[in-house]
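J.: Provided herewith: my_file-v6.txt, compact mmCIF, C-alpha atoms.
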```
# COMPACT_ATOMS: atom_id res chain seq x y z
CA MET M 67 0.00 0.00 0.00
CA THR M 68 1.42 3.38 -1.02
CA GLY M 69 1.86 6.29 1.35
CA GLN M 70 -1.05 8.13 -0.28
CA ASN M 71 -3.32 5.13 0.09
CA LYS M 72 -2.39 4.89 3.76
CA LYS M 73 -3.16 8.57 4.28
CA ASP M 74 -6.51 8.13 2.54
CA LEU M 75 -7.33 5.11 4.72
CA VAL M 76 -6.55 7.01 7.93
CA ALA M 77 -8.69 9.91 6.71
CA MET M 78 -11.56 7.53 5.88
CA ILE M 79 -11.40 5.87 9.33
CA LEU M 80 -11.33 9.22 11.14
CA THR M 81 -14.19 10.48 8.99
CA GLY M 82 -16.26 7.39 9.76
CA ILE M 83 -15.68 7.73 13.48
CA PHE M 84 -16.50 11.44 13.34
CA VAL M 85 -19.76 11.15 11.39
CA THR M 86 -20.98 8.04 13.25
CA ASN M 87 -20.58 9.61 16.68
CA ALA M 88 -22.14 12.88 15.53
CA VAL M 89 -25.24 11.06 14.26
CA LEU M 90 -25.39 8.93 17.42
CA GLY M 91 -25.31 12.11 19.48
CA GLU M 92 -28.32 13.41 17.59
CA ILE M 93 -30.38 10.24 18.04
CA MET M 94 -29.47 9.69 21.69
CA GLY M 95 -29.83 13.32 22.75
CA VAL M 96 -33.58 13.04 23.26
CA LYS M 97 -33.11 11.09 26.49
CA LEU M 98 -31.98 12.61 29.79
CA PHE M 99 -30.22 10.48 32.40
CA THR M 100 -29.07 11.03 35.97
CA VAL M 101 -25.77 9.88 37.47
CA PHE M 102 -24.61 10.75 40.98
CA GLY M 103 -27.53 13.17 41.21
CA PHE M 104 -26.58 15.10 38.05
CA THR M 105 -28.85 15.14 34.98
CA MET M 106 -27.48 15.24 31.43
CA PRO M 107 -28.67 14.37 27.91
CA LEU M 108 -27.53 10.94 26.76
CA GLY M 109 -26.21 12.43 23.54
CA ILE M 110 -23.18 13.86 25.32
CA ILE M 111 -21.65 10.37 25.58
CA PRO M 112 -20.46 10.10 21.93
CA TRP M 113 -19.74 13.81 21.39
CA PRO M 114 -16.29 13.87 23.07
CA ILE M 115 -15.20 11.34 20.45
CA VAL M 116 -16.26 13.82 17.77
CA PHE M 117 -14.00 16.50 19.19
CA LEU M 118 -11.12 14.07 19.76
CA THR M 119 -11.38 13.06 16.10
CA THR M 120 -11.55 16.74 15.14
CA ASP M 121 -8.22 17.34 16.85
CA LEU M 122 -6.56 14.42 15.03
CA ILE M 123 -7.85 15.54 11.63
CA ASN M 124 -6.83 19.10 12.46
CA GLU M 125 -3.35 17.93 13.41
CA PHE M 126 -2.64 15.79 10.36
CA TYR M 127 -4.89 17.11 7.60
CA GLY M 128 -5.35 20.77 8.53
CA LYS M 129 -8.08 23.36 8.91
CA LYS M 130 -9.59 22.91 5.45
CA ALA M 131 -10.12 19.18 5.99
CA VAL M 132 -11.96 19.80 9.26
CA ARG M 133 -14.19 22.39 7.63
CA ARG M 134 -15.03 20.05 4.74
CA LEU M 135 -15.87 17.31 7.21
CA THR M 136 -17.97 19.74 9.25
CA PHE M 137 -20.06 20.63 6.20
CA LEU M 138 -20.38 16.95 5.23
CA THR M 139 -21.57 16.01 8.71
CA THR M 140 -23.98 18.94 8.80
CA ALA M 141 -25.44 17.76 5.49
CA MET M 142 -25.86 14.24 6.91
CA ILE M 143 -27.58 15.62 10.02
CA LEU M 144 -29.94 17.69 7.87
CA TYR M 145 -30.64 14.63 5.74
CA MET M 146 -31.53 12.74 8.93
CA PHE M 147 -33.79 15.66 9.89
CA ILE M 148 -35.72 15.33 6.61
CA ILE M 149 -36.07 11.55 6.95
CA ILE M 150 -37.27 11.75 10.57
CA PHE M 151 -39.69 14.57 9.74
CA SER M 152 -41.14 12.48 6.90
CA ALA M 153 -41.30 9.35 9.08
CA ILE M 154 -43.30 11.17 11.74
CA HIS M 155 -46.03 11.86 9.20
CA ILE M 156 -46.29 8.26 7.99
CA PRO M 157 -49.11 6.54 9.94
CA ALA M 158 -48.09 3.47 11.95
CA ALA M 159 -49.71 0.11 11.22
CA SER M 160 -52.39 -0.97 13.69
CA PHE M 161 -50.16 -3.80 14.97
CA SER M 162 -46.95 -1.72 15.10
CA PRO M 163 -45.14 -2.16 18.47
CA VAL M 164 -44.39 1.58 18.35
CA ASN M 165 -47.49 3.70 17.70
CA ASP M 166 -47.58 7.22 16.25
CA GLU M 167 -47.78 8.93 19.64
CA VAL M 168 -44.70 7.21 21.04
CA PHE M 169 -42.75 7.66 17.81
CA HIS M 170 -43.60 11.36 17.69
CA LYS M 171 -42.79 11.84 21.37
CA VAL M 172 -39.27 10.48 20.85
CA PHE M 173 -38.34 11.65 17.38
CA GLY M 174 -40.40 14.84 17.44
CA GLN M 175 -38.15 16.11 20.18
CA SER M 176 -35.15 14.93 18.18
CA LEU M 177 -36.04 17.49 15.52
CA TRP M 178 -35.40 20.26 18.04
CA ILE M 179 -32.16 18.58 19.09
CA ILE M 180 -31.06 18.39 15.46
CA ALA M 181 -31.94 22.06 14.90
CA GLY M 182 -29.97 23.04 17.98
CA SER M 183 -27.12 20.72 17.16
CA VAL M 184 -26.60 21.97 13.61
CA THR M 185 -26.35 25.54 14.88
CA ALA M 186 -24.10 24.61 17.81
CA PHE M 187 -22.04 22.19 15.73
CA LEU M 188 -21.12 24.76 13.10
CA LEU M 189 -20.26 27.41 15.69
CA SER M 190 -18.29 25.13 17.96
CA GLN M 191 -16.35 23.47 15.13
CA TYR M 192 -15.20 26.83 13.76
CA VAL M 193 -14.18 27.93 17.25
CA ASP M 194 -12.47 24.58 17.91
CA VAL M 195 -10.40 24.86 14.73
CA ALA M 196 -9.46 28.49 15.40
CA VAL M 197 -8.37 27.89 19.01
CA PHE M 198 -6.50 24.71 18.03
CA TRP M 199 -4.37 26.58 15.51
CA ILE M 200 -3.74 29.51 17.82
CA PHE M 201 -2.08 27.06 20.23
CA ARG M 202 -0.43 25.04 17.44
CA LYS M 203 1.23 28.08 15.88
CA ARG M 204 2.50 29.30 19.24
CA THR M 205 3.79 25.96 20.54
CA GLY M 206 4.72 24.21 17.29
CA MET M 207 4.65 20.43 17.47
CA LYS M 208 4.97 20.49 21.26
CA MET M 209 2.20 20.35 23.86
CA LEU M 210 -0.41 18.39 21.90
CA TRP M 211 -2.47 18.16 25.09
CA LEU M 212 -2.72 21.96 25.28
CA ARG M 213 -4.12 22.55 21.80
CA ALA M 214 -6.39 19.50 21.97
CA THR M 215 -7.82 20.17 25.44
CA GLY M 216 -7.78 23.95 25.11
CA SER M 217 -9.77 23.95 21.87
CA THR M 218 -12.28 21.49 23.34
CA ILE M 219 -12.78 23.56 26.51
CA VAL M 220 -13.72 26.65 24.51
CA SER M 221 -15.74 24.99 21.74
CA GLN M 222 -17.72 22.75 24.09
CA LEU M 223 -18.85 25.76 26.09
CA ILE M 224 -20.58 27.06 22.97
CA ASP M 225 -21.79 23.66 21.80
CA THR M 226 -23.33 22.65 25.13
CA PHE M 227 -25.24 25.81 25.97
CA VAL M 228 -26.45 26.53 22.42
CA ILE M 229 -27.71 23.05 21.58
CA GLN M 230 -29.47 22.49 24.89
CA GLY M 231 -31.04 25.94 24.80
CA ILE M 232 -32.57 25.28 21.39
CA ALA M 233 -33.37 21.60 22.03
CA PHE M 234 -34.94 21.87 25.49
CA VAL M 235 -35.84 25.48 26.37
CA ILE M 236 -37.43 26.77 23.16
CA PRO M 237 -39.88 23.82 22.83
CA GLY M 238 -40.64 24.10 26.56
CA TYR M 239 -39.23 20.77 27.75
CA LEU M 240 -37.10 22.42 30.46
CA SER M 241 -37.36 25.61 32.47
CA VAL M 242 -34.50 28.11 32.32
CA ASP M 243 -33.23 26.97 35.73
CA GLN M 244 -33.34 23.32 34.69
CA TYR M 245 -31.60 24.19 31.43
CA LEU M 246 -28.77 26.02 33.18
CA SER M 247 -28.32 23.14 35.62
CA VAL M 248 -28.30 20.47 32.90
CA ALA M 249 -26.06 22.51 30.57
CA LEU M 250 -23.54 23.30 33.29
CA THR M 251 -23.42 19.68 34.40
CA SER M 252 -22.99 18.55 30.80
CA TYR M 253 -20.18 21.03 30.24
CA ILE M 254 -18.31 19.93 33.37
CA TYR M 255 -18.72 16.30 32.25
CA LYS M 256 -17.26 17.15 28.85
CA LEU M 257 -14.29 18.90 30.46
CA ILE M 258 -13.58 15.85 32.60
CA ILE M 259 -13.88 13.55 29.58
CA ALA M 260 -11.57 15.85 27.57
CA LEU M 261 -8.90 15.41 30.24
CA VAL M 262 -9.50 11.66 30.46
CA LEU M 263 -9.15 11.34 26.68
CA THR M 264 -5.78 13.13 26.60
CA PRO M 265 -3.78 9.85 26.75
CA PHE M 266 -5.95 8.49 23.92
CA ILE M 267 -5.04 11.51 21.77
CA TYR M 268 -1.36 10.78 22.29
CA ALA M 269 -1.92 7.06 21.69
CA SER M 270 -3.86 7.75 18.47
CA HIS M 271 -1.19 10.20 17.35
CA SER M 272 1.50 7.58 17.92
CA MET M 273 -0.50 4.88 16.09
CA ILE M 274 -0.84 7.14 13.05
CA ASP M 275 2.89 7.95 13.23
CA ILE M 276 3.75 4.26 13.27
CA TYR M 277 1.30 3.30 10.51
CA LEU M 278 2.23 6.10 8.11
CA GLY M 279 5.87 6.43 9.08
CA LYS M 280 7.69 9.40 10.55
CA GLU M 281 8.60 10.90 7.18
CA ILE M 282 5.02 10.96 5.88
CA THR M 283 3.53 12.24 9.14
CA HIS M 284 6.16 14.99 9.35
CA GLN M 285 5.25 16.10 5.83
CA MET M 286 1.54 16.02 6.72
CA LEU M 287 2.06 18.07 9.87
CA ASN M 288 4.06 20.70 7.96
CA THR M 289 1.52 20.81 5.11
CA ALA M 290 -1.38 21.15 7.57
CA GLU M 291 0.35 24.09 9.23
CA GLN M 292 1.15 25.81 5.94
CA GLU M 293 -2.44 25.48 4.73
CA SER M 294 -3.83 26.75 8.06
```
Output the structure of this file as structure tokens.
T.:
Amino acid sequence: MTGQNKKDLVAMILTGIFVTNAVLGEIMGVKLFTVFGFTMPLGIIPWPIVFLTTDLINEFYGKKAVRRLTFLTTAMILYMFIIIFSAIHIPAASFSPVNDEVFHKVFGQSLWIIAGSVTAFLLSQYVDVAVFWIFRKRTGMKMLWLRATGSTIVSQLIDTFVIQGIAFVIPGYLSVDQYLSVALTSYIYKLIIALVLTPFIYASHSMIDIYLGKEITHQMLNTAEQES
């Protein structure tokens, strides 16, 4: 396998992980859960993987690649929105285990989550990319943890409060006080997960280095910086 084919394969794997977890976040976000007395939307579980993958794509493929992937994922989310909206208006069979009321209760709320997520996703991804490269250009190839965690801390603040405001407050599912409590708890959770995932960022970085080879990864890192 040539070096270009290897780079394409890594890009395809990262893209698959990115899009899959983003879509999972949309579908799962309708459900709230409580752990240790704190309530959060279930959709926050896969989202840290999205931002971890963002950092890896940013690192090796550059700002333009992240933006293209952001637009692709947004298009997929909007496509899902259209399909779910259409499905809600298709009457259930009389013997369907899930009737129209239950289906609408679950996926009808998902439409608000998708609307909030698309807005928050675009904003947070642009912020994530910008902050990442501010740190990258000031620290060079050093301190991967700083640019990865720092960009996530800032972008997730926007993502969490915007998406939950649109998804839960506007349609009246949560009061403002409940929203602030859930959003703050979710944000703190994401910060903790961002720190926990730091070793995985280094491990993933090393795996890509080993698979592609130091020469190719060095070229990719330099090209990503020049294009950003």
J.: Restricting the calculation to all atoms listed in the file, which member of M:Leu138, M:Ile150, M:Val85, M:Met78 is positioned closest to Ile115 (chain M)?
T.: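 Selected residue with least distance to Ile115 (chain M): M:Val85.
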J.: Could you give me, as a Markdown table, a per-residue list for region 149-265 of chain M showing, wherever an atom lies at most 8 Å from an atom of region 129-137 of chain M, the closest pair of atoms and their distance in Å to one decimal, using only C-alpha atoms and sorting by chain then residue number from low to high?
T.:
```
| residue | atom | partner | partner_atom | distance |
| --- | --- | --- | --- | --- |
| M:Leu188 | CA | M:Thr136 | CA | 7.1 |
| M:Gln191 | CA | M:Thr136 | CA | 7.1 |
| M:Tyr192 | CA | M:Arg133 | CA | 7.6 |
| M:Val195 | CA | M:Lys129 | CA | 6.4 |
```
J.: Those residues with C-alpha atoms, as an mmCIF file, in the frame of the given file please?
T.:
```
data_model
loop_
_atom_site.group_PDB
_atom_site.id
_atom_site.type_symbol
_atom_site.label_atom_id
_atom_site.label_comp_id
_atom_site.auth_asym_id
_atom_site.auth_seq_id
_atom_site.Cartn_x
_atom_site.Cartn_y
_atom_site.Cartn_z
ATOM 1 C CA LEU M 188 -21.120 24.760 13.100
ATOM 2 C CA GLN M 191 -16.350 23.470 15.130
ATOM 3 C CA TYR M 192 -15.200 26.830 13.760
ATOM 4 C CA VAL M 195 -10.400 24.860 14.730
#
```
J.: Name the closest residue to Ser217 (chain M) among the candidates M:Leu118, M:Ala141, M:Val168, M:Ile274; distances are taken between atoms, counting all atoms listed in the file.
T.: M:Leu118
J.: With all atoms listed in the file as the atoms that count, which of M:Gln285, M:Pro163, M:Glu125, M:Leu240 lies nearest to Lys208 (chain M)?
T.: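 Using all atoms listed in the file, Lys208 (chain M) sits closest to M:Glu125.
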J.: Would you pick out the contacts of Tyr268 (chain M) at 9 Å or less, using all atoms listed in the file, so that residues sharing its chain but fewer than 4 positions from it are not included, and give the list as a list of chain:residue names?
T.: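 Those residues are M:Leu210, M:Trp211, M:Leu263, M:Thr264, M:Ser272, M:Met273.
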J.: Nearest to Ile79 (chain M): which of M:Ile93, M:Ile123, M:Thr185, M:Met207 is it, counting only C-alpha atoms?
T.: M:Ile123
J.: What is the CA of Ile83 (chain M) to CA of Gln222 (chain M) distance in Å?
T.: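 Taking CA of Ile83 (chain M) and CA of Gln222 (chain M), their separation equals 18.5 Å.
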J.: List as a list in words the protein and nucleic acid residues near Leu223 (chain M), meaning an atom at most 10 Å away when only C-alpha atoms are counted, but skip any in the same chain fewer than 2 places from it.
T.: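 Those residues are Ala186, Ser190, Thr218, Ile219, Val220, Ser221, Asp225, Thr226, Phe227, Val228, Ala249, Leu250, Ser252, Tyr253, Ile254, Lys256 and Leu257 of chain M.
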J.: Could you write out the selected residues, including C-alpha atoms, as a JSON list (two decimals), in the frame of the given file?
T.:
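Listed below is the output, selection.json:
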```json
[["chain", "number", "residue", "atom", "x", "y", "z"],
["M", 186, "ALA", "CA", -24.10, 24.61, 17.81],
["M", 190, "SER", "CA", -18.29, 25.13, 17.96],
["M", 218, "THR", "CA", -12.28, 21.49, 23.34],
["M", 219, "ILE", "CA", -12.78, 23.56, 26.51],
["M", 220, "VAL", "CA", -13.72, 26.65, 24.51],
["M", 221, "SER", "CA", -15.74, 24.99, 21.74],
["M", 225, "ASP", "CA", -21.79, 23.66, 21.80],
["M", 226, "THR", "CA", -23.33, 22.65, 25.13],
["M", 227, "PHE", "CA", -25.24, 25.81, 25.97],
["M", 228, "VAL", "CA", -26.45, 26.53, 22.42],
["M", 249, "ALA", "CA", -26.06, 22.51, 30.57],
["M", 250, "LEU", "CA", -23.54, 23.30, 33.29],
["M", 252, "SER", "CA", -22.99, 18.55, 30.80],
["M", 253, "TYR", "CA", -20.18, 21.03, 30.24],
["M", 254, "ILE", "CA", -18.31, 19.93, 33.37],
["M", 256, "LYS", "CA", -17.26, 17.15, 28.85],
["M", 257, "LEU", "CA", -14.29, 18.90, 30.46]]
```
J.: Neighbours of Leu122 (chain M) within 9 Å (all atoms listed in the file; same-chain residues fewer than 3 positions away dropped), as a PyMOL selection string?
T.: chain M and resi 80+117-119+125-127+214+267+270-271
J.: Can you pull out the residues contacting Val235 (chain M)? Cut-off 12 Å, using only C-alpha atoms, and skip same-chain residues under 2 positions away; I want them as a PyMOL selection string.
T.: chain M and resi 175+178-179+182+227-233+237-246+248-249
